[in-house]
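To keep things clear, I will list the structure first and then write my remarks on it.
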Amino acid sequence: MSLEDRIRNGLEFDDDTYYFLSHVYTSLVAQVHSVVVTQKNFQYLRVWRARSFGPAKFSEEREECTYRITQDIFKFYVVPPDPRIGKAIEYFGKEYLLEIAVYDNHQEVLKTVNSGDFLLLNNVHVGSKNKIHTLSIHGGGVTDYNREIAQIPADFADPKFRLFRRRCARIMVSYIKESVLQPCQMDDDKNYIRFKNYFDLVAQVHSVVETKRGFKYLRVWRARQLGTAEREKSKENTMFYVTTDIFKSYIVKPDSRIGHAVKHYGKHYLLEIAVYGNHQNVLQTLNSGDFVVVKNIHATHKSVYGNLTTILDLHEDGTRFNRGIYPVPNNCNDPQFRLYQRTCRRMLELFTDEGVFKEFEIERRISLNHPHVELMNRSLPRENIEEKLSEVVEESVQAESSSADSEDTMCAKPYSKIEIGRSIAVDYFTKRSKRPYHFLTHAHTDHTRGLDLTAARPVYCSPQTALILPKIMGVDPKHILDGTIHPLELMRPHKFEGFQVTLFDANHCPGSVMFLFEGYLIDEFAGGPVLCTGDFRADKTFMNRLDGPLNFLSELRLARVYLDNTYFKLDLEFPTRKSAQKILIKEIKAKRDKNILIPLHRLGRESLLEETSRILKEPIIIYKEKLEIAELLNHFKKKIETRKSNRKIEVVKKEHNILKSVYLILSRRNSRILFQNSGV
Ligand SMILES: [Zn+2]
């Protein structure tokens, strides 16, 4: 039997016969309340089915002889209850709760569940011990005992399952309906139009959509505009709306009458609310046309493609504020609500004969959720650059589809600075930048432009970068105020106001790091964590780390990536450090009687030079600034044994101006220049 069939089987469970069950095995579908470990180290999966088990009139009697986890035997939560399910059980009583002892192989599954998940529990043993009613899932798998705990996929479309899930969502909030319905008594003009920071509303569901970036939007209408007509017209231009470009799919399709009504009256009749975290569970239980109360919506203004836009968010958690989406029960008698419901119905009657409603052109290709990627271009006036010209490009959101015809749209437009919200700038130090926190990925001069260490403006970087920065910038440490350079340890989060940052090795040059920004301010700006790569080398060593110490990165859903890149050419073979070294040594050996000039930046290739000198057994002369910086980083400390040689191998300052390089060769006759553009 397939999982789908087994789930369907579980959905057949009849609560009313449960009372009579004893010493049998049964299968059922339920929603997770919590997972608990007892003092004797038994593991209990606690679930509910949004009703009492057995006929209600027997439930009290039954409750008296049912095994229960009490405070005395409770040890700790493996999975704490979602506060809403927790409160519902408190309200309806323990007879709504099933506590199932879980044994052996099934305990593994418990580690992966969350409160609110829907599970298939296959082959649960209903037993009794000393006249106490017990439930257990014993060891053994699907194949041998037809026994399992399985997650039910969110998109499982069986109508019976959808109904069950809807019932859970409704019962969960039914008992708080009085307080929840307060928004019905509000005056739209006064309360909604101002878009106070946080507000509640009652509305009718238009649809639920997922965008290409994986955001979920609850779209509602209120059968009227928000606020007075004149003010509303101007508001329409500044509201955020889901467009065809970013639309991916419907989770709940619009009822055609509501669709036509909004189309007729204008988009300012529509409110689109980004829904995060646990509140997304409710979205799947909605139908277009349902009435919902949405509590604690956050209205913010932010710049989207340069335009000030009003955005509505329902952040995750927030039980303190009763934050959530509460379906209004059909039998709600609140007079205000009744009136409102009638208004909606009357208006929709006008659109009964409009036919099928079409809104977005639905693409049939398969889409993947990629983060929004910004590719950095540091192309600058040539005389200013020391590092190789790199390309930085902003990739538009369209790169999200993996299909062949969208591959073309992956080309990106230049993007020359990283500013995250109003707080953070990365590798961007112009005096104009008013952001309080400046971060530096590494000390190459194309990333430090505008950085003034004497200006008493703090810069955050890795400890190695902090060590060499004054020397690289040519500033006497005496002139740098205390606290200007802030070294941040790698691989652990550092907290700032409204965000945190984690640094990790970018595998580019000494001290080079990537920055991972997370937190409330970052979510508000990008909708999730943001990664700034800086220059990096994604070779085997680096990629292996993604499976090791950096594996937390692969689990993150990045909302945005700022990608620095040197070439951004997919067809270009990029030599490994090892093969680059081999070529270098071979070339130097081949030119036995020639002096060799190796143009290099002040920072980088220290190990390459050490190794090369050791293998060739020839001294390599390094220019003063580079040597001093390398020594700060503990390079060139060990003596390398060399033979006497008739020619000179010399590291010279790397010039970007090709004429300067030619001049250099001409001025030093009998010399060869190697590795002008190595990218090593
Ligand atoms: Zn660099």
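Chain labels follow the order of the structure tokens: the first chain is A, the next B, and so on; residue numbering restarts at 1 in every chain, and ligands are counted from 1 in their shown order.
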
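Those residues that approach Asn287 in chain A to within 9 Å, counting only C-alpha atoms, are A:Val205, A:His206, A:Ser207, A:Val208, A:Val252, A:Lys253, A:Pro254, A:Asp255, A:Leu283, A:Gln284, A:Thr285, A:Gly289, A:Asp290; same-chain residues fewer than 2 positions away are not listed.
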
Quick one: residues within 9 Å of range 170-173 of chain A, only C-alpha atoms counted, chain neighbours fewer than 3 positions away excluded, as a PDB file with all heavy atoms, in the first residue's frame?
```
ATOM      1  N   ALA A  50      -9.059  17.526  17.500  1.00  0.00           N
ATOM      2  CA  ALA A  50     -10.029  18.620  17.561  1.00  0.00           C
ATOM      3  C   ALA A  50     -11.416  18.137  17.994  1.00  0.00           C
ATOM      4  O   ALA A  50     -12.428  18.686  17.568  1.00  0.00           O
ATOM      5  CB  ALA A  50     -10.100  19.362  16.222  1.00  0.00           C
ATOM      6  N   ARG A  51     -11.475  17.110  18.786  1.00  0.00           N
ATOM      7  CA  ARG A  51     -12.740  16.650  19.380  1.00  0.00           C
ATOM      8  C   ARG A  51     -12.399  15.652  20.500  1.00  0.00           C
ATOM      9  O   ARG A  51     -11.252  15.204  20.604  1.00  0.00           O
ATOM     10  CB  ARG A  51     -13.646  16.000  18.349  1.00  0.00           C
ATOM     11  CG  ARG A  51     -13.053  14.784  17.636  1.00  0.00           C
ATOM     12  CD  ARG A  51     -14.140  13.962  16.998  1.00  0.00           C
ATOM     13  NE  ARG A  51     -14.965  13.365  18.082  1.00  0.00           N
ATOM     14  CZ  ARG A  51     -16.123  12.749  17.850  1.00  0.00           C
ATOM     15  NH1 ARG A  51     -16.618  12.684  16.630  1.00  0.00           N
ATOM     16  NH2 ARG A  51     -16.797  12.204  18.850  1.00  0.00           N
ATOM     17  N   ARG A  84      -1.233  27.838  20.671  1.00  0.00           N
ATOM     18  CA  ARG A  84      -2.661  27.839  20.352  1.00  0.00           C
ATOM     19  C   ARG A  84      -3.288  26.462  20.585  1.00  0.00           C
ATOM     20  O   ARG A  84      -4.375  26.343  21.122  1.00  0.00           O
ATOM     21  CB  ARG A  84      -2.871  28.286  18.908  1.00  0.00           C
ATOM     22  CG  ARG A  84      -2.549  29.776  18.733  1.00  0.00           C
ATOM     23  CD  ARG A  84      -2.522  30.150  17.285  1.00  0.00           C
ATOM     24  NE  ARG A  84      -1.621  29.261  16.548  1.00  0.00           N
ATOM     25  CZ  ARG A  84      -1.554  29.220  15.230  1.00  0.00           C
ATOM     26  NH1 ARG A  84      -2.330  29.970  14.506  1.00  0.00           N
ATOM     27  NH2 ARG A  84      -0.690  28.417  14.635  1.00  0.00           N
ATOM     28  N   ILE A  85      -2.531  25.408  20.200  1.00  0.00           N
ATOM     29  CA  ILE A  85      -3.056  24.062  20.460  1.00  0.00           C
ATOM     30  C   ILE A  85      -3.059  23.800  21.963  1.00  0.00           C
ATOM     31  O   ILE A  85      -3.987  23.227  22.521  1.00  0.00           O
ATOM     32  CB  ILE A  85      -2.234  22.991  19.713  1.00  0.00           C
ATOM     33  CG1 ILE A  85      -2.164  23.325  18.214  1.00  0.00           C
ATOM     34  CG2 ILE A  85      -2.826  21.602  19.924  1.00  0.00           C
ATOM     35  CD1 ILE A  85      -1.367  22.347  17.390  1.00  0.00           C
ATOM     36  N   LYS A  87      -3.425  25.960  24.380  1.00  0.00           N
ATOM     37  CA  LYS A  87      -4.539  26.668  25.020  1.00  0.00           C
ATOM     38  C   LYS A  87      -5.868  25.988  24.710  1.00  0.00           C
ATOM     39  O   LYS A  87      -6.764  25.958  25.546  1.00  0.00           O
ATOM     40  CB  LYS A  87      -4.580  28.114  24.537  1.00  0.00           C
ATOM     41  CG  LYS A  87      -3.629  29.017  25.297  1.00  0.00           C
ATOM     42  CD  LYS A  87      -3.882  30.451  24.902  1.00  0.00           C
ATOM     43  CE  LYS A  87      -2.924  31.388  25.619  1.00  0.00           C
ATOM     44  NZ  LYS A  87      -2.907  32.708  24.989  1.00  0.00           N
ATOM     45  N   ALA A  88      -5.988  25.468  23.479  1.00  0.00           N
ATOM     46  CA  ALA A  88      -7.238  24.803  23.090  1.00  0.00           C
ATOM     47  C   ALA A  88      -7.474  23.587  23.991  1.00  0.00           C
ATOM     48  O   ALA A  88      -8.582  23.364  24.464  1.00  0.00           O
ATOM     49  CB  ALA A  88      -7.194  24.402  21.627  1.00  0.00           C
ATOM     50  N   ILE A  89      -6.417  22.816  24.272  1.00  0.00           N
ATOM     51  CA  ILE A  89      -6.555  21.642  25.129  1.00  0.00           C
ATOM     52  C   ILE A  89      -6.921  22.082  26.546  1.00  0.00           C
ATOM     53  O   ILE A  89      -7.776  21.494  27.199  1.00  0.00           O
ATOM     54  CB  ILE A  89      -5.248  20.802  25.153  1.00  0.00           C
ATOM     55  CG1 ILE A  89      -4.892  20.305  23.748  1.00  0.00           C
ATOM     56  CG2 ILE A  89      -5.333  19.662  26.159  1.00  0.00           C
ATOM     57  CD1 ILE A  89      -5.756  19.183  23.220  1.00  0.00           C
ATOM     58  N   ARG A 165      -8.176  18.916   8.464  1.00  0.00           N
ATOM     59  CA  ARG A 165      -7.234  19.985   8.794  1.00  0.00           C
ATOM     60  C   ARG A 165      -7.990  21.292   9.087  1.00  0.00           C
ATOM     61  O   ARG A 165      -7.647  22.043   9.989  1.00  0.00           O
ATOM     62  CB  ARG A 165      -6.295  20.162   7.596  1.00  0.00           C
ATOM     63  CG  ARG A 165      -5.084  20.977   7.886  1.00  0.00           C
ATOM     64  CD  ARG A 165      -4.075  20.840   6.790  1.00  0.00           C
ATOM     65  NE  ARG A 165      -4.643  21.169   5.495  1.00  0.00           N
ATOM     66  CZ  ARG A 165      -3.944  21.139   4.366  1.00  0.00           C
ATOM     67  NH1 ARG A 165      -2.679  20.776   4.372  1.00  0.00           N
ATOM     68  NH2 ARG A 165      -4.501  21.447   3.224  1.00  0.00           N
ATOM     69  N   ARG A 166      -9.030  21.521   8.291  1.00  0.00           N
ATOM     70  CA  ARG A 166      -9.856  22.702   8.475  1.00  0.00           C
ATOM     71  C   ARG A 166     -10.538  22.666   9.846  1.00  0.00           C
ATOM     72  O   ARG A 166     -10.603  23.669  10.550  1.00  0.00           O
ATOM     73  CB  ARG A 166     -10.917  22.683   7.389  1.00  0.00           C
ATOM     74  CG  ARG A 166     -11.310  23.998   6.804  1.00  0.00           C
ATOM     75  CD  ARG A 166     -12.172  23.693   5.582  1.00  0.00           C
ATOM     76  NE  ARG A 166     -13.388  24.491   5.607  1.00  0.00           N
ATOM     77  CZ  ARG A 166     -13.451  25.723   5.140  1.00  0.00           C
ATOM     78  NH1 ARG A 166     -12.388  26.303   4.620  1.00  0.00           N
ATOM     79  NH2 ARG A 166     -14.581  26.389   5.176  1.00  0.00           N
ATOM     80  N   ARG A 167     -11.010  21.482  10.214  1.00  0.00           N
ATOM     81  CA  ARG A 167     -11.688  21.370  11.501  1.00  0.00           C
ATOM     82  C   ARG A 167     -10.712  21.700  12.633  1.00  0.00           C
ATOM     83  O   ARG A 167     -11.044  22.450  13.551  1.00  0.00           O
ATOM     84  CB  ARG A 167     -12.231  19.950  11.683  1.00  0.00           C
ATOM     85  CG  ARG A 167     -13.131  19.844  12.917  1.00  0.00           C
ATOM     86  CD  ARG A 167     -13.744  18.475  13.054  1.00  0.00           C
ATOM     87  NE  ARG A 167     -12.847  17.551  13.717  1.00  0.00           N
ATOM     88  CZ  ARG A 167     -12.902  16.229  13.562  1.00  0.00           C
ATOM     89  NH1 ARG A 167     -13.793  15.696  12.731  1.00  0.00           N
ATOM     90  NH2 ARG A 167     -12.061  15.449  14.200  1.00  0.00           N
ATOM     91  N   ILE A 176     -11.829  31.372  21.277  1.00  0.00           N
ATOM     92  CA  ILE A 176     -11.421  32.758  21.553  1.00  0.00           C
ATOM     93  C   ILE A 176     -12.151  33.731  20.636  1.00  0.00           C
ATOM     94  O   ILE A 176     -11.755  34.850  20.467  1.00  0.00           O
ATOM     95  CB  ILE A 176      -9.894  32.956  21.430  1.00  0.00           C
ATOM     96  CG1 ILE A 176      -9.294  32.016  20.409  1.00  0.00           C
ATOM     97  CG2 ILE A 176      -9.205  32.878  22.750  1.00  0.00           C
ATOM     98  CD1 ILE A 176      -7.816  32.243  20.183  1.00  0.00           C
ATOM     99  N   LYS A 177     -13.252  33.296  20.079  1.00  0.00           N
ATOM    100  CA  LYS A 177     -13.881  34.131  19.054  1.00  0.00           C
ATOM    101  C   LYS A 177     -14.354  35.487  19.574  1.00  0.00           C
ATOM    102  O   LYS A 177     -14.305  36.459  18.860  1.00  0.00           O
ATOM    103  CB  LYS A 177     -15.013  33.393  18.351  1.00  0.00           C
ATOM    104  CG  LYS A 177     -16.186  33.043  19.230  1.00  0.00           C
ATOM    105  CD  LYS A 177     -17.230  32.318  18.421  1.00  0.00           C
ATOM    106  CE  LYS A 177     -18.339  31.851  19.350  1.00  0.00           C
ATOM    107  NZ  LYS A 177     -18.659  30.450  19.146  1.00  0.00           N
ATOM    108  N   VAL A 180     -11.588  37.818  19.475  1.00  0.00           N
ATOM    109  CA  VAL A 180     -11.076  37.882  18.124  1.00  0.00           C
ATOM    110  C   VAL A 180     -11.942  38.756  17.233  1.00  0.00           C
ATOM    111  O   VAL A 180     -11.479  39.412  16.317  1.00  0.00           O
ATOM    112  CB  VAL A 180     -10.984  36.444  17.569  1.00  0.00           C
ATOM    113  CG1 VAL A 180     -11.086  36.425  16.071  1.00  0.00           C
ATOM    114  CG2 VAL A 180      -9.679  35.816  18.015  1.00  0.00           C
ATOM    115  N   THR A 285      -5.822  25.817   5.236  1.00  0.00           N
ATOM    116  CA  THR A 285      -7.153  25.382   5.645  1.00  0.00           C
ATOM    117  C   THR A 285      -8.238  26.332   5.137  1.00  0.00           C
ATOM    118  O   THR A 285      -9.416  26.116   5.390  1.00  0.00           O
ATOM    119  CB  THR A 285      -7.259  25.309   7.184  1.00  0.00           C
ATOM    120  OG1 THR A 285      -7.256  26.656   7.678  1.00  0.00           O
ATOM    121  CG2 THR A 285      -6.103  24.552   7.789  1.00  0.00           C
ATOM    122  N   TYR A 326      -7.578  34.000  12.219  1.00  0.00           N
ATOM    123  CA  TYR A 326      -8.664  33.279  12.883  1.00  0.00           C
ATOM    124  C   TYR A 326      -9.882  33.202  11.966  1.00  0.00           C
ATOM    125  O   TYR A 326     -10.515  34.221  11.701  1.00  0.00           O
ATOM    126  CB  TYR A 326      -9.062  33.994  14.177  1.00  0.00           C
ATOM    127  CG  TYR A 326      -7.920  34.157  15.142  1.00  0.00           C
ATOM    128  CD1 TYR A 326      -7.099  35.284  15.093  1.00  0.00           C
ATOM    129  CD2 TYR A 326      -7.649  33.186  16.087  1.00  0.00           C
ATOM    130  CE1 TYR A 326      -6.040  35.440  15.971  1.00  0.00           C
ATOM    131  CE2 TYR A 326      -6.601  33.332  16.981  1.00  0.00           C
ATOM    132  CZ  TYR A 326      -5.783  34.460  16.914  1.00  0.00           C
ATOM    133  OH  TYR A 326      -4.742  34.624  17.781  1.00  0.00           O
ATOM    134  N   PRO A 327     -10.189  32.005  11.462  1.00  0.00           N
ATOM    135  CA  PRO A 327     -11.395  31.886  10.641  1.00  0.00           C
ATOM    136  C   PRO A 327     -12.624  32.171  11.510  1.00  0.00           C
ATOM    137  O   PRO A 327     -12.706  31.674  12.629  1.00  0.00           O
ATOM    138  CB  PRO A 327     -11.377  30.423  10.189  1.00  0.00           C
ATOM    139  CG  PRO A 327      -9.980  29.936  10.457  1.00  0.00           C
ATOM    140  CD  PRO A 327      -9.468  30.736  11.597  1.00  0.00           C
ATOM    141  N   VAL A 328     -13.527  32.981  11.007  1.00  0.00           N
ATOM    142  CA  VAL A 328     -14.733  33.284  11.773  1.00  0.00           C
ATOM    143  C   VAL A 328     -15.725  32.138  11.562  1.00  0.00           C
ATOM    144  O   VAL A 328     -16.020  31.792  10.421  1.00  0.00           O
ATOM    145  CB  VAL A 328     -15.365  34.612  11.300  1.00  0.00           C
ATOM    146  CG1 VAL A 328     -16.588  34.947  12.150  1.00  0.00           C
ATOM    147  CG2 VAL A 328     -14.344  35.732  11.360  1.00  0.00           C
ATOM    148  N   PRO A 329     -16.234  31.545  12.644  1.00  0.00           N
ATOM    149  CA  PRO A 329     -17.150  30.410  12.481  1.00  0.00           C
ATOM    150  C   PRO A 329     -18.414  30.840  11.737  1.00  0.00           C
ATOM    151  O   PRO A 329     -18.875  31.968  11.903  1.00  0.00           O
ATOM    152  CB  PRO A 329     -17.486  30.002  13.918  1.00  0.00           C
ATOM    153  CG  PRO A 329     -16.531  30.733  14.789  1.00  0.00           C
ATOM    154  CD  PRO A 329     -16.001  31.888  14.044  1.00  0.00           C
TER     155      PRO A 329
END
```

Review point. Which protein, DNA or RNA residues have an atom within 7 Å of ligand 1, counting only C-alpha atoms and all ligand atoms, as a list in words?
Key: Glu387, His442, His444, His508, Cys509 and Asp535 of chain A

Mind dumping the selected residues with all heavy atoms as a CSV table (one decimal), in the first residue's frame?
```csv
chain,number,residue,atom,x,y,z
A,387,GLU,N,43.1,45.4,-7.4
A,387,GLU,CA,42.7,44.0,-7.6
A,387,GLU,C,42.2,43.9,-9.1
A,387,GLU,O,41.9,44.9,-9.7
A,387,GLU,CB,41.5,43.8,-6.7
A,387,GLU,CG,40.9,42.4,-6.8
A,387,GLU,CD,41.5,41.4,-5.9
A,387,GLU,OE1,42.5,41.7,-5.3
A,387,GLU,OE2,41.0,40.3,-5.9
A,442,HIS,N,37.3,41.8,3.2
A,442,HIS,CA,38.7,41.5,3.3
A,442,HIS,C,39.5,42.8,2.8
A,442,HIS,O,38.9,43.8,2.4
A,442,HIS,CB,39.1,40.3,2.4
A,442,HIS,CG,38.8,40.6,0.9
A,442,HIS,ND1,37.6,40.6,0.4
A,442,HIS,CD2,39.7,40.7,-0.1
A,442,HIS,CE1,37.7,40.8,-0.9
A,442,HIS,NE2,38.9,40.9,-1.3
A,444,HIS,N,41.6,43.7,0.4
A,444,HIS,CA,42.0,44.1,-0.9
A,444,HIS,C,41.5,45.5,-1.2
A,444,HIS,O,40.4,45.8,-0.8
A,444,HIS,CB,41.5,43.1,-2.0
A,444,HIS,CG,42.4,41.9,-2.1
A,444,HIS,ND1,41.9,40.7,-2.5
A,444,HIS,CD2,43.7,41.8,-1.9
A,444,HIS,CE1,43.0,39.8,-2.5
A,444,HIS,NE2,44.0,40.4,-2.1
A,508,HIS,N,39.7,33.1,0.2
A,508,HIS,CA,40.2,34.0,-0.9
A,508,HIS,C,41.6,34.5,-0.6
A,508,HIS,O,42.5,34.1,-1.2
A,508,HIS,CB,39.2,35.1,-1.0
A,508,HIS,CG,39.6,36.2,-1.9
A,508,HIS,ND1,39.9,36.0,-3.3
A,508,HIS,CD2,39.8,37.6,-1.7
A,508,HIS,CE1,40.3,37.2,-3.8
A,508,HIS,NE2,40.2,38.1,-2.9
A,509,CYS,N,41.8,35.3,0.4
A,509,CYS,CA,43.1,35.8,0.8
A,509,CYS,C,43.1,35.8,2.4
A,509,CYS,O,42.0,35.6,3.0
A,509,CYS,CB,43.4,37.1,0.3
A,509,CYS,SG,42.4,38.4,1.0
A,535,ASP,N,34.8,38.5,-2.0
A,535,ASP,CA,35.5,37.6,-2.9
A,535,ASP,C,35.7,36.3,-2.3
A,535,ASP,O,36.0,36.2,-1.1
A,535,ASP,CB,36.9,38.2,-3.2
A,535,ASP,CG,36.8,39.4,-4.1
A,535,ASP,OD1,35.7,39.7,-4.7
A,535,ASP,OD2,37.8,40.2,-4.3
```

Check your understanding: Using only C-alpha atoms, which residues sit within 8 Å of range 631-638 of chain A once same-chain residues fewer than 3 positions away are excluded, as an MDAnalysis selection string?
Key -> chainID A and resid 464 467:468 510 606:607 610 627:628

Can those selected residues be exported to a file as a CSV table (one decimal), in the first residue's frame so that it contains all heavy atoms?
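Printed below is again-v6.csv as written:
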```
chain,number,residue,atom,x,y,z
A,464,GLN,N,42.0,38.6,11.5
A,464,GLN,CA,43.2,38.7,10.6
A,464,GLN,C,43.2,40.1,9.8
A,464,GLN,O,44.3,40.7,9.7
A,464,GLN,CB,43.3,37.6,9.6
A,464,GLN,CG,44.1,36.4,10.2
A,464,GLN,CD,44.3,35.4,9.1
A,464,GLN,OE1,43.4,35.0,8.3
A,464,GLN,NE2,45.5,34.9,9.0
A,467,LEU,N,44.2,42.9,12.0
A,467,LEU,CA,45.6,42.9,12.3
A,467,LEU,C,46.4,43.7,11.2
A,467,LEU,O,47.3,44.4,11.5
A,467,LEU,CB,46.1,41.5,12.4
A,467,LEU,CG,47.5,41.2,12.8
A,467,LEU,CD1,47.6,41.5,14.3
A,467,LEU,CD2,47.8,39.7,12.6
A,468,ILE,N,46.0,43.5,9.9
A,468,ILE,CA,46.9,44.0,8.8
A,468,ILE,C,46.3,45.3,8.3
A,468,ILE,O,47.0,46.0,7.5
A,468,ILE,CB,47.0,43.0,7.7
A,468,ILE,CG1,45.6,42.5,7.2
A,468,ILE,CG2,47.9,41.8,8.1
A,468,ILE,CD1,45.7,41.6,6.0
A,510,PRO,N,44.2,36.0,3.0
A,510,PRO,CA,44.2,36.0,4.5
A,510,PRO,C,43.2,36.9,5.1
A,510,PRO,O,43.2,38.1,4.6
A,510,PRO,CB,45.7,36.4,4.9
A,510,PRO,CG,46.5,36.0,3.7
A,510,PRO,CD,45.6,36.1,2.5
A,606,GLU,N,50.8,34.3,-0.2
A,606,GLU,CA,52.0,34.1,0.7
A,606,GLU,C,52.5,32.7,0.7
A,606,GLU,O,53.7,32.4,0.5
A,606,GLU,CB,51.7,34.6,2.1
A,606,GLU,CG,51.4,36.1,2.3
A,606,GLU,CD,50.0,36.5,1.9
A,606,GLU,OE1,49.2,35.6,1.6
A,606,GLU,OE2,49.8,37.7,1.8
A,607,SER,N,51.5,31.8,0.9
A,607,SER,CA,51.9,30.4,0.9
A,607,SER,C,52.4,29.9,-0.4
A,607,SER,O,53.4,29.1,-0.5
A,607,SER,CB,50.7,29.5,1.3
A,607,SER,OG,50.0,30.0,2.3
A,610,GLU,N,56.1,30.9,-0.6
A,610,GLU,CA,56.9,30.1,0.3
A,610,GLU,C,57.2,28.7,-0.4
A,610,GLU,O,58.3,28.3,-0.4
A,610,GLU,CB,56.2,29.9,1.6
A,610,GLU,CG,56.4,31.0,2.6
A,610,GLU,CD,55.6,30.8,3.9
A,610,GLU,OE1,54.4,30.4,3.8
A,610,GLU,OE2,56.2,31.1,4.9
A,627,LEU,N,56.1,42.2,2.2
A,627,LEU,CA,56.8,41.4,3.2
A,627,LEU,C,56.3,41.8,4.6
A,627,LEU,O,56.1,40.9,5.4
A,627,LEU,CB,58.3,41.7,3.0
A,627,LEU,CG,59.2,40.8,3.9
A,627,LEU,CD1,59.1,39.3,3.4
A,627,LEU,CD2,60.7,41.2,3.8
A,628,GLU,N,56.2,43.0,4.9
A,628,GLU,CA,55.8,43.5,6.2
A,628,GLU,C,54.4,42.9,6.6
A,628,GLU,O,54.1,42.4,7.7
A,628,GLU,CB,55.7,45.0,6.3
A,628,GLU,CG,57.1,45.6,6.4
A,628,GLU,CD,57.1,47.1,6.4
A,628,GLU,OE1,56.0,47.7,6.2
A,628,GLU,OE2,58.2,47.7,6.5
```

Point to revise | CA of Gly324 in chain A to CA of Tyr269 in chain A, straight-line distance in Å | key: 21.5 Å

Revision key, fill the gap. From CA of Gly116 in chain A to CA of Ala101 in chain A the spacing works out at 18.7 Å

Exercise for review: Name all residues at most 12 Å from Gly483 in chain A (count only C-alpha atoms; drop same-chain ones fewer than 2 positions away) and give them as a list in words.
Suggested key: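 The residues satisfying every condition are Leu453, Thr454, Ala455, Ala456, Arg457, Pro458, Val459, Tyr460, Ala466, Pro477, Ile480, Leu481, Ile485, His486 and Pro487 of chain A.
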
Given the selection you just returned, output its residues as a file containing N, CA, C and O atoms, formatted as an mmCIF file, in the first residue's frame.
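Result saved to result.cif:
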```cif
data_model
loop_
_atom_site.group_PDB
_atom_site.id
_atom_site.type_symbol
_atom_site.label_atom_id
_atom_site.label_comp_id
_atom_site.auth_asym_id
_atom_site.auth_seq_id
_atom_site.Cartn_x
_atom_site.Cartn_y
_atom_site.Cartn_z
ATOM 1 N N LEU A 453 40.478 55.230 8.204
ATOM 2 C CA LEU A 453 40.647 54.710 9.566
ATOM 3 C C LEU A 453 40.824 55.827 10.591
ATOM 4 O O LEU A 453 40.726 55.595 11.787
ATOM 5 N N THR A 454 41.066 57.044 10.120
ATOM 6 C CA THR A 454 41.263 58.145 11.070
ATOM 7 C C THR A 454 39.956 58.890 11.320
ATOM 8 O O THR A 454 39.902 59.822 12.099
ATOM 9 N N ALA A 455 38.875 58.436 10.641
ATOM 10 C CA ALA A 455 37.603 59.176 10.737
ATOM 11 C C ALA A 455 36.777 58.761 11.940
ATOM 12 O O ALA A 455 35.657 59.231 12.097
ATOM 13 N N ALA A 456 37.293 57.887 12.772
ATOM 14 C CA ALA A 456 36.572 57.425 13.969
ATOM 15 C C ALA A 456 35.221 56.815 13.624
ATOM 16 O O ALA A 456 34.259 56.954 14.364
ATOM 17 N N ARG A 457 35.137 56.164 12.468
ATOM 18 C CA ARG A 457 33.891 55.455 12.143
ATOM 19 C C ARG A 457 34.201 53.967 12.210
ATOM 20 O O ARG A 457 35.108 53.499 11.514
ATOM 21 N N PRO A 458 33.500 53.216 13.062
ATOM 22 C CA PRO A 458 33.897 51.825 13.266
ATOM 23 C C PRO A 458 33.755 50.960 12.017
ATOM 24 O O PRO A 458 32.844 51.163 11.212
ATOM 25 N N VAL A 459 34.689 50.013 11.878
ATOM 26 C CA VAL A 459 34.600 49.038 10.805
ATOM 27 C C VAL A 459 34.715 47.641 11.416
ATOM 28 O O VAL A 459 35.549 47.407 12.292
ATOM 29 N N TYR A 460 33.833 46.737 10.997
ATOM 30 C CA TYR A 460 33.803 45.383 11.545
ATOM 31 C C TYR A 460 34.387 44.408 10.525
ATOM 32 O O TYR A 460 34.025 44.446 9.345
ATOM 33 N N ALA A 466 41.742 42.748 10.744
ATOM 34 C CA ALA A 466 41.969 43.811 11.719
ATOM 35 C C ALA A 466 43.464 44.012 11.982
ATOM 36 O O ALA A 466 43.943 45.130 12.126
ATOM 37 N N PRO A 477 49.212 53.401 13.207
ATOM 38 C CA PRO A 477 48.236 53.045 14.255
ATOM 39 C C PRO A 477 48.032 54.150 15.279
ATOM 40 O O PRO A 477 46.981 54.238 15.914
ATOM 41 N N ILE A 480 44.933 56.061 14.679
ATOM 42 C CA ILE A 480 43.632 55.382 14.655
ATOM 43 C C ILE A 480 43.055 55.366 16.061
ATOM 44 O O ILE A 480 43.692 54.875 16.996
ATOM 45 N N LEU A 481 41.871 55.924 16.195
ATOM 46 C CA LEU A 481 41.234 55.959 17.522
ATOM 47 C C LEU A 481 40.876 54.552 17.982
ATOM 48 O O LEU A 481 40.517 53.707 17.169
ATOM 49 N N ILE A 485 38.629 49.859 14.652
ATOM 50 C CA ILE A 485 38.641 48.540 13.998
ATOM 51 C C ILE A 485 38.114 47.490 14.980
ATOM 52 O O ILE A 485 38.691 47.276 16.040
ATOM 53 N N HIS A 486 36.994 46.872 14.616
ATOM 54 C CA HIS A 486 36.385 45.867 15.481
ATOM 55 C C HIS A 486 36.585 44.470 14.922
ATOM 56 O O HIS A 486 35.902 44.087 13.985
ATOM 57 N N PRO A 487 37.530 43.681 15.472
ATOM 58 C CA PRO A 487 37.624 42.301 14.982
ATOM 59 C C PRO A 487 36.461 41.462 15.522
ATOM 60 O O PRO A 487 36.095 41.601 16.690
#
```
